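Notes to accompany the following structure.
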Amino acid sequence: MNKKELYNKILQLDGLTNEEKSELLGLLRKQKKYGLVWEDKPEDVEERLRDELPVLIEDATKAIISDYTDAPNHVLIEGDNLEALAALTYTHEGKIDVIYIDPPYNTGNKDFVYNDSFVDSEDTYRHSKWLSFMNKRLRIAKQLLSDKGVIFISIDDNEQAQLKLLCDEIFSQNNFVSDVIWQHSIQPKGYAGKFSLHHNYTLIYRKSEKFILRNMERTEEDNKAYKNPDNDPRGKWRSGDVRNALYRPNLIYDIITPSGKIIHAPEKGWRWSKETVAEKINSGEIVFNRDETNIIRKIYLDTVEGRCPETIWFGKDVGTTREANTELKEVFDGEVPFDTPKPTGLLKRIMTIGADNNSTILDFFAGSGTTLHATMQLNDEDGGHRKCILVTNNENNICEEVTYERNKRVINGYTTPKGEEVPGLKGNTLRYYRTSFVGRSRSMKNMRQL
């Protein structure tokens with residue numbers, strides 16, 4: 001039965017009021033033609049948010065105040081991230097430039113808690129709970145992003161497909177930027193009959209077309225392809241494509257060489273018009289090969305601005321989980337108080353391509369606090385003034401004893417297990433907040449609390 005037939009059948013049903021028929025027809029119209037469908041599973045915190053307003057209360061005893069007058073002010077929020085996000089909509093709506101999150105991967109191995117209960121592989125609503133959980137948070141995250149903002153989300157195969165569809169719906173398919181593969185481990189794993197898993201994904205979505213993807217700095221390795229075999233006074237160059245990527249009949253023409261030979265156009269035509277090619281030949285940007293059977297386009301090194309980000313990020317370039325563990329060991333005197341942290345190199349890559357050096361960054365699944373650590377390191381390296389907001393709950397004292405403690409040591413300085421003194425990044429201020437609630441009714445008591 002198609003939709004039209006069902007529509008007519010509802011109209012003809014006996015025993016229903018016009019209002020009831022109208023409600024049924026409304027539900028029928030709401031059905032998606034395409035997309036992700038799941039059974040919404042409410043969270044306990046949602047019920048509380050209906051009756052009370054979330055607020056942030058500072059714990060001044062944990063504040064680390066820099067003596068530098070222009071020190072960036074970073075914020076760590078302890079509490080449920082849905083509460084914290086709701087509170088941030090009052091202070092930071094449209095003001096966040098980069099969001100990075102590493103949410104629970106919902107592996108079924110009790111890595112995901114919903115309404116104070118672990119979700120395991122036997123839970124028949126496992127994926128619905130995860131999607132309900134993510135949907136609410138991502139919709140608020142979109143509100144917080146600036147028009148030039150971008151969100152990066154780490155995920156693995158357990159929910160990658162579902163997350164892609166969810167983000168297509170929330171941020172729009174048109175705002176999908178890329179799905180980057182990160183090589184999180186290099187050492188092979190010897191599991192018989194299984195693939196050795198070495199990667200996960202980072203989904204990237206922009207808020208709008210105003211987002212600018214920034215190039216990375218070029219390295220000596222990047223520049224190896226540039227030579228100067230003909231002693232061109234403009235310096236090093238490499239050859240570039242002269243063919244058109246799309247078929248353009250108006251760009252199909254013959255080129256006459258200095259000795260009178262004819263070079264026929266490639267199948268889809270030249271990259272430029274006949275007049276433009278002539279200009280480039282006169283300027284020396286296009287030259288003929290030795291036997292005058294083809295033309296060569298010169299791309300000069302001094303015209304290249306950085307390097308485009310690729311969709312595969314290798315561990316040797318941005319770090320691996322093993323290196324992330326080593327970074328934690330360095331700070332915590334040989335201990336690793338958090339499972340599967342992210343390396344600072346990965347977060348630096350994200351911040352470098354995601355925004356400028358005055359951006360505001362948010363991580364509302366802060367874990368061990370890598371995002372703030374990387375923010376402070378990057379500011380120290382390039383003179384930036386990035387500000388970072390972290391949000392995490394305090395389950396097993398993670399917020400106080402890991403997230404806060406790690407970044408406190410990074411700011412104040414610490415000693416490695418080998419006895420090496422690491423100077424502190426003292427040009428940073430860190431403030432500590434906890435989520436709380438105030439009644440929604442406009443009573444004098446509630447207004448005073450607000």
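Quick note on naming: the chains in the structure tokens go A, B, ... in the order shown, residues restart at 1 in each chain, and ligands are numbered from 1 in order of appearance.
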(request) as a ChimeraX atom specification, list the residues of stretch 88-195 of chain A assigned to strand (DSSP E or B) by DSSP on the backbone atoms of this structure. (result) /A:96-101,109-114,117-120,145-155,176-183
(message) I'd like the neighbourhood of stretch 159-175 of chain A as a PyMOL selection string, where a residue qualifies if any of its atoms comes within 7 Å (using only C-alpha atoms), though same-chain residues fewer than 3 positions away should be ignored.
(response) chain A and resi 35-36+105+139+155-156+205-208
With N, CA and C atoms retained, write the just-selected residues as a CSV table (one decimal), in the first residue's frame.
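Final output, saved to again_5.csv:
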```csv
chain,number,residue,atom,x,y,z
A,35,GLY,N,16.8,8.4,5.2
A,35,GLY,CA,17.5,8.9,6.3
A,35,GLY,C,17.6,7.9,7.4
A,36,LEU,N,18.0,8.3,8.6
A,36,LEU,CA,18.3,7.5,9.7
A,36,LEU,C,17.0,7.5,10.6
A,105,TYR,N,32.5,4.9,21.6
A,105,TYR,CA,32.4,4.3,20.3
A,105,TYR,C,31.3,3.2,20.3
A,139,ARG,N,23.1,18.5,18.1
A,139,ARG,CA,22.3,19.7,17.7
A,139,ARG,C,22.6,20.9,18.5
A,155,ILE,N,35.7,8.4,15.6
A,155,ILE,CA,34.7,7.3,15.7
A,155,ILE,C,35.4,6.1,15.1
A,156,ASP,N,34.8,4.9,15.4
A,156,ASP,CA,35.3,3.7,14.7
A,156,ASP,C,34.2,3.0,14.0
A,205,TYR,N,32.6,18.2,9.6
A,205,TYR,CA,31.4,18.9,9.1
A,205,TYR,C,31.6,20.4,9.4
A,206,ARG,N,31.3,21.3,8.5
A,206,ARG,CA,31.4,22.7,8.7
A,206,ARG,C,30.0,23.2,9.1
A,207,LYS,N,29.9,24.4,9.6
A,207,LYS,CA,28.7,25.0,10.0
A,207,LYS,C,28.0,25.6,8.7
A,208,SER,N,28.9,26.2,7.8
A,208,SER,CA,28.4,26.9,6.6
A,208,SER,C,29.5,27.0,5.6
```
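Picture a line from atom CA of A:Ser121 to atom CA of A:Leu390; it runs 29.6 Å.
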(message) Applying 9 Å and only C-alpha atoms, which residues near A:Asp67 remain after dropping the ones on its own chain fewer than 4 positions away? List them as a list in words.
(response) Ala71, Lys426, Gly427, Asn428 and Thr429 of chain A
Applying 7 Å and only C-alpha atoms, which residues near A:Tyr226 remain after dropping the ones on its own chain fewer than 6 positions away? List them as a tab-separated table (two decimals) with N, CA, C and O atoms, in the first residue's frame.
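Output below, filename result.tsv:
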```
chain	number	residue	atom	x	y	z
A	236	LYS	N	63.15	27.18	-8.16
A	236	LYS	CA	62.73	25.79	-8.29
A	236	LYS	C	61.28	25.67	-8.76
A	236	LYS	O	60.44	26.49	-8.42
A	237	TRP	N	61.03	24.60	-9.51
A	237	TRP	CA	59.68	24.37	-10.02
A	237	TRP	C	59.47	22.87	-10.23
A	237	TRP	O	60.41	22.09	-10.21
A	238	ARG	N	58.20	22.49	-10.39
A	238	ARG	CA	57.86	21.14	-10.81
A	238	ARG	C	56.86	21.24	-11.94
A	238	ARG	O	56.19	22.27	-12.11
A	301	LEU	N	57.93	26.96	-6.83
A	301	LEU	CA	57.88	26.74	-5.39
A	301	LEU	C	57.43	28.00	-4.64
A	301	LEU	O	56.69	27.93	-3.67
```
(message) Give me, as a VMD selection string, all polymer residues having an atom no more than 12 Å from stretch 351-355 of chain A, counting only C-alpha atoms and skipping those fewer than 5 positions away in the same chain.
(response) chain A and resid 96 to 100 145 to 152 177 204 to 207 210 to 217 306 to 310 318 344 to 346 360 to 363 371 to 372 374 to 379 381 to 382 384 to 388
Selection to disk with C-alpha atoms, as a tab-separated table (two decimals), in the first residue's frame:
```tsv
chain	number	residue	atom	x	y	z
A	96	ILE	CA	32.97	28.37	18.89
A	97	ASP	CA	35.37	28.00	15.94
A	98	VAL	CA	36.47	24.37	16.33
A	99	ILE	CA	34.76	21.49	18.11
A	100	TYR	CA	36.63	18.23	18.57
A	145	LEU	CA	29.55	26.83	16.18
A	146	SER	CA	30.31	30.15	14.54
A	147	ASP	CA	29.42	30.62	10.87
A	148	LYS	CA	33.06	29.81	10.07
A	149	GLY	CA	33.09	26.91	12.53
A	150	VAL	CA	33.84	23.23	12.02
A	151	ILE	CA	33.40	20.02	14.03
A	152	PHE	CA	35.74	17.00	14.04
A	177	VAL	CA	33.97	18.30	4.55
A	204	ILE	CA	34.43	16.63	9.59
A	205	TYR	CA	31.44	18.94	9.08
A	206	ARG	CA	31.38	22.70	8.67
A	207	LYS	CA	28.66	25.04	9.96
A	210	LYS	CA	32.07	30.43	5.29
A	211	PHE	CA	34.38	27.79	6.77
A	212	ILE	CA	37.93	27.97	5.40
A	213	LEU	CA	40.03	24.80	5.32
A	214	ARG	CA	43.61	25.90	5.99
A	215	ASN	CA	46.73	24.43	4.46
A	216	MET	CA	49.46	22.83	6.52
A	217	GLU	CA	53.04	24.07	6.58
A	306	GLY	CA	51.35	25.40	2.25
A	307	ARG	CA	50.21	21.83	1.67
A	308	CYS	CA	46.63	20.65	1.29
A	309	PRO	CA	45.51	18.32	4.10
A	310	GLU	CA	45.16	14.71	2.96
A	318	VAL	CA	50.32	13.12	14.02
A	344	THR	CA	48.64	16.01	21.05
A	345	GLY	CA	49.89	15.84	17.44
A	346	LEU	CA	46.45	14.77	16.23
A	360	THR	CA	37.97	29.21	20.48
A	361	ILE	CA	38.00	25.41	20.74
A	362	LEU	CA	35.50	23.15	22.51
A	363	ASP	CA	35.83	19.49	23.48
A	371	THR	CA	42.73	19.05	23.56
A	372	LEU	CA	43.73	21.69	26.10
A	374	ALA	CA	47.62	20.55	22.56
A	375	THR	CA	46.06	24.05	22.51
A	376	MET	CA	48.61	25.38	24.98
A	377	GLN	CA	51.51	23.70	23.19
A	378	LEU	CA	50.43	25.09	19.82
A	379	ASN	CA	50.04	28.60	21.26
A	381	GLU	CA	54.92	27.16	19.31
A	382	ASP	CA	53.32	29.75	17.01
A	384	GLY	CA	48.75	32.00	19.03
A	385	HIS	CA	46.01	33.04	21.45
A	386	ARG	CA	43.64	30.08	21.15
A	387	LYS	CA	41.19	29.51	24.00
A	388	CYS	CA	39.92	26.06	24.96
```
(message) So that I can check the secondary structure, give me every residue of stretch 121-297 of chain A assigned helix (DSSP H, G or I) by backbone DSSP, as a ChimeraX atom specification.
(response) /A:126-144,160-171,173-175,222-225,249-251,274-283
(message) Would you compute the distance between atom CA of A:Arg406 and atom CA of A:Tyr90? Give it in Å to one decimal.
(response)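 Interatomic distance, atom CA of A:Arg406 to atom CA of A:Tyr90: 28.4 Å.
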(request) May I ask which of the residues A:Phe133, A:Trp38, A:Tyr201, A:Tyr414 is the closest one to A:Asp157, counting only C-alpha atoms? (result)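 Among A:Phe133, A:Trp38, A:Tyr201, A:Tyr414, it is A:Tyr201 that comes nearest to A:Asp157.
Residues with any atom within 7 Å of A:Asn393, counting only C-alpha atoms and excluding same-chain neighbours fewer than 2 positions away, are Glu78, Gly79, Asp80, Glu395 and Cys399 of chain A.
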For the residues in that selection, give me C-alpha atoms as a JSON list (two decimals), in the first residue's frame.
```
[["chain", "number", "residue", "atom", "x", "y", "z"],
["A", 78, "GLU", "CA", 32.90, 19.21, 35.42],
["A", 79, "GLY", "CA", 29.47, 17.71, 34.81],
["A", 80, "ASP", "CA", 27.17, 15.96, 32.36],
["A", 395, "GLU", "CA", 33.18, 9.51, 36.92],
["A", 399, "CYS", "CA", 37.85, 15.38, 35.84]]
```
(request) Would you kindly return, as a PyMOL selection string, each protein, DNA or RNA residue with an atom no farther than 9 Å from any atom of A:Leu328, considering only C-alpha atoms and excluding same-chain residues fewer than 5 positions away? (result) chain A and resi 323+333-338+341+368+406
Store the residues picked out above, limited to C-alpha atoms, as a short mmCIF file (atom, residue, chain, number, x, y, z; two decimals), in the first residue's frame.
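Heads up, here's the output in out14.cif:
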```cif
data_model
loop_
_atom_site.label_atom_id
_atom_site.label_comp_id
_atom_site.auth_asym_id
_atom_site.auth_seq_id
_atom_site.Cartn_x
_atom_site.Cartn_y
_atom_site.Cartn_z
CA GLU A 323 52.59 7.92 21.74
CA ASP A 333 55.38 10.19 36.45
CA GLY A 334 55.07 6.82 34.73
CA GLU A 335 51.32 6.22 35.19
CA VAL A 336 48.69 6.06 32.44
CA PRO A 337 45.47 7.05 34.25
CA PHE A 338 43.24 6.99 31.15
CA PRO A 341 44.01 8.91 24.99
CA SER A 368 42.33 13.00 29.67
CA ARG A 406 47.24 16.88 33.65
#
```
(request) Take atom CA of A:His264 and atom CA of A:Tyr300 and report the distance between them in Å, one decimal. (result)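 Between these atoms lies a distance of 25.6 Å.
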